[in-house]
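Working notes, beginning with the structure itself.
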Amino acid sequence: MAIQNYSDLITAIDSFTVNAGAPADLCVALAEEALRPLLKHRLMEEKVTTNVSAGQSPELPADFQEARAILLDGERIRPLSFQNDNLARCDLGYVVTGNTIEIRPVPSTDYVVELYYYQRLPSLSVSNPTNWLITNFPTVYLRASLAQAYHWLKDFDAEQAEKDLTSDALSAVVRDHTRSTMYGNTIIEELSSW
């Protein structure tokens with residue numbers, strides 16, 4: 001059975017649990033919540049450019065999960081500890097607090113922020129039947145959802161087996177991300193620096 005969308009996933013969950021009554025839609029939602037903090041993949045990358053007034057802080061996008069890079073007027077700025085306010089006058093940095101990006105020191109003129117970030121996994125539903133994860137890694141969705149279903153059914157051995165299979169499936173996501181974002185030969189790069 002090929003899993004290509006939300007409906008296919010619900011059908012697969014029902015067939016694996018032999019229609020035991022586990023609420024498949026809830027299992028998918030719980031699986032997504034468990035997966036979100038674990039995911040980092042190039043297909044999650046987004047870019048937003050924002051014009052910001054002097055003295056103001058840019059808002060984070062609603063689907064923000066993790067910053068990848070932030071540019072202020074075309075220059076990359078570095079992440080700072082929110083505990084360290086002692087910056088040299090020429091240093092620029094940022095702190096993500098709440099729903100904003102605080103630039104330190106605060107620019108005294110209007111500025112442009114380019115935010116490169118990892119997007120939060122969009123939830124599957126009848127009205128949103130696909131996303132990048134189910135399109136490219138349907139096994140992750142199936143295994144994580146089945147772990148939730150078996151937990152609901154109180155089959156703890158099957159739940160643990162599905163958690164193990166979810167970890168295996170997630171390692172494929174990590175390998176794919178690493179393969180597509182890492183480049184160059186480290187041995188050659190190290191030799192060239194001699």
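As shown in the structure tokens, the chain order sets the letters A, B, ...; within each chain, residues go from 1, and ligands are also counted from 1 in the order they appear.
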Give me the residues within 9 Å of Asp164 (chain A) as a PyMOL selection string, counting only C-alpha atoms and dropping any in the same chain fewer than 5 places off. chain A and resi 143+159+169
Residues from the last selection, N, CA, C and O atoms, saved as an mmCIF file, in the first residue's frame:
data_model
loop_
_atom_site.group_PDB
_atom_site.id
_atom_site.type_symbol
_atom_site.label_atom_id
_atom_site.label_comp_id
_atom_site.auth_asym_id
_atom_site.auth_seq_id
_atom_site.Cartn_x
_atom_site.Cartn_y
_atom_site.Cartn_z
ATOM 1 N N ARG A 143 4.903 5.042 10.948
ATOM 2 C CA ARG A 143 5.442 4.454 12.175
ATOM 3 C C ARG A 143 5.134 5.301 13.403
ATOM 4 O O ARG A 143 4.762 4.773 14.452
ATOM 5 N N GLU A 159 3.776 -0.712 20.702
ATOM 6 C CA GLU A 159 4.120 0.716 20.741
ATOM 7 C C GLU A 159 5.640 0.897 20.713
ATOM 8 O O GLU A 159 6.159 1.698 19.938
ATOM 9 N N ALA A 169 13.248 5.161 10.695
ATOM 10 C CA ALA A 169 12.736 5.966 9.579
ATOM 11 C C ALA A 169 13.253 7.400 9.655
ATOM 12 O O ALA A 169 13.586 8.012 8.632
#
Taking 2 positions as the minimum chain separation for residues in the same chain, which residues sit within 10 Å of region 106-122 of chain A when counting only C-alpha atoms? Answer as number ranges by chain. A: 32-33, 35-37, 39-58, 60-76, 92-94, 101-104, 124-125, 128, 130-133
Skip Pro129 (chain A) itself and residues of its chain fewer than 6 positions away, then list as a list in words all residues within 10 Å of it, counting only C-alpha atoms.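 With the cut-off at 10 Å, the set is Gln4, Asn5, Tyr6, Ser7, Asp8, Leu9 and Ser123 of chain A.
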Taking the DSSP secondary structure from the backbone, can you list the residues of region 116-158 of chain A that are strand (DSSP E or B), as a list of chain:residue names? A:Tyr116, A:Tyr117, A:Tyr118, A:Gln119
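Put simply, CA of Arg175 (chain A) is 13.5 Å away from CA of Val140 (chain A).
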Need to verify the contact set: Ala147 (chain A), 8 Å, only C-alpha atoms, exclusion of same-chain residues closer than 3 positions in sequence. Can you return it as a ChimeraX atom specification? /A:31,143-144,150-151,158-163
Selection to disk with C-alpha atoms, as a PDB file, in the first residue's frame:
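Contents of again_38.pdb, as written:
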ATOM      1  CA  ALA A  31       2.584  11.836  15.975  1.00  0.00           C
ATOM      2  CA  ARG A 143       5.442   4.454  12.175  1.00  0.00           C
ATOM      3  CA  ALA A 144       4.989   7.502  14.439  1.00  0.00           C
ATOM      4  CA  TYR A 150      -0.750   1.208  19.924  1.00  0.00           C
ATOM      5  CA  HIS A 151      -0.334   3.453  22.948  1.00  0.00           C
ATOM      6  CA  ALA A 158       3.795  -2.955  19.758  1.00  0.00           C
ATOM      7  CA  GLU A 159       4.120   0.716  20.741  1.00  0.00           C
ATOM      8  CA  GLN A 160       7.821   0.252  21.580  1.00  0.00           C
ATOM      9  CA  ALA A 161       8.404  -1.639  18.327  1.00  0.00           C
ATOM     10  CA  GLU A 162       6.835   1.216  16.358  1.00  0.00           C
ATOM     11  CA  LYS A 163       8.923   3.784  18.253  1.00  0.00           C
TER      12      LYS A 163
END
Considering only alpha helix (DSSP H) as DSSP defines it on the backbone, what residues of region 28-187 of chain A qualify? List them as a ChimeraX atom specification. /A:28-35,132-136,138-152,156-181,186-187
How many Å lie between CA of Ser127 (chain A) and CA of Asn19 (chain A), rounded to one decimal? 23.4 Å
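Counting only C-alpha atoms and comparing A:Ile10, A:Ala34, A:Ala149, A:Ile77, the residue that lies closest to Asp91 (chain A) is A:Ile77.
Take CA of Ala2 (chain A) and CA of Phe16 (chain A): the distance between them is 13.7 Å.
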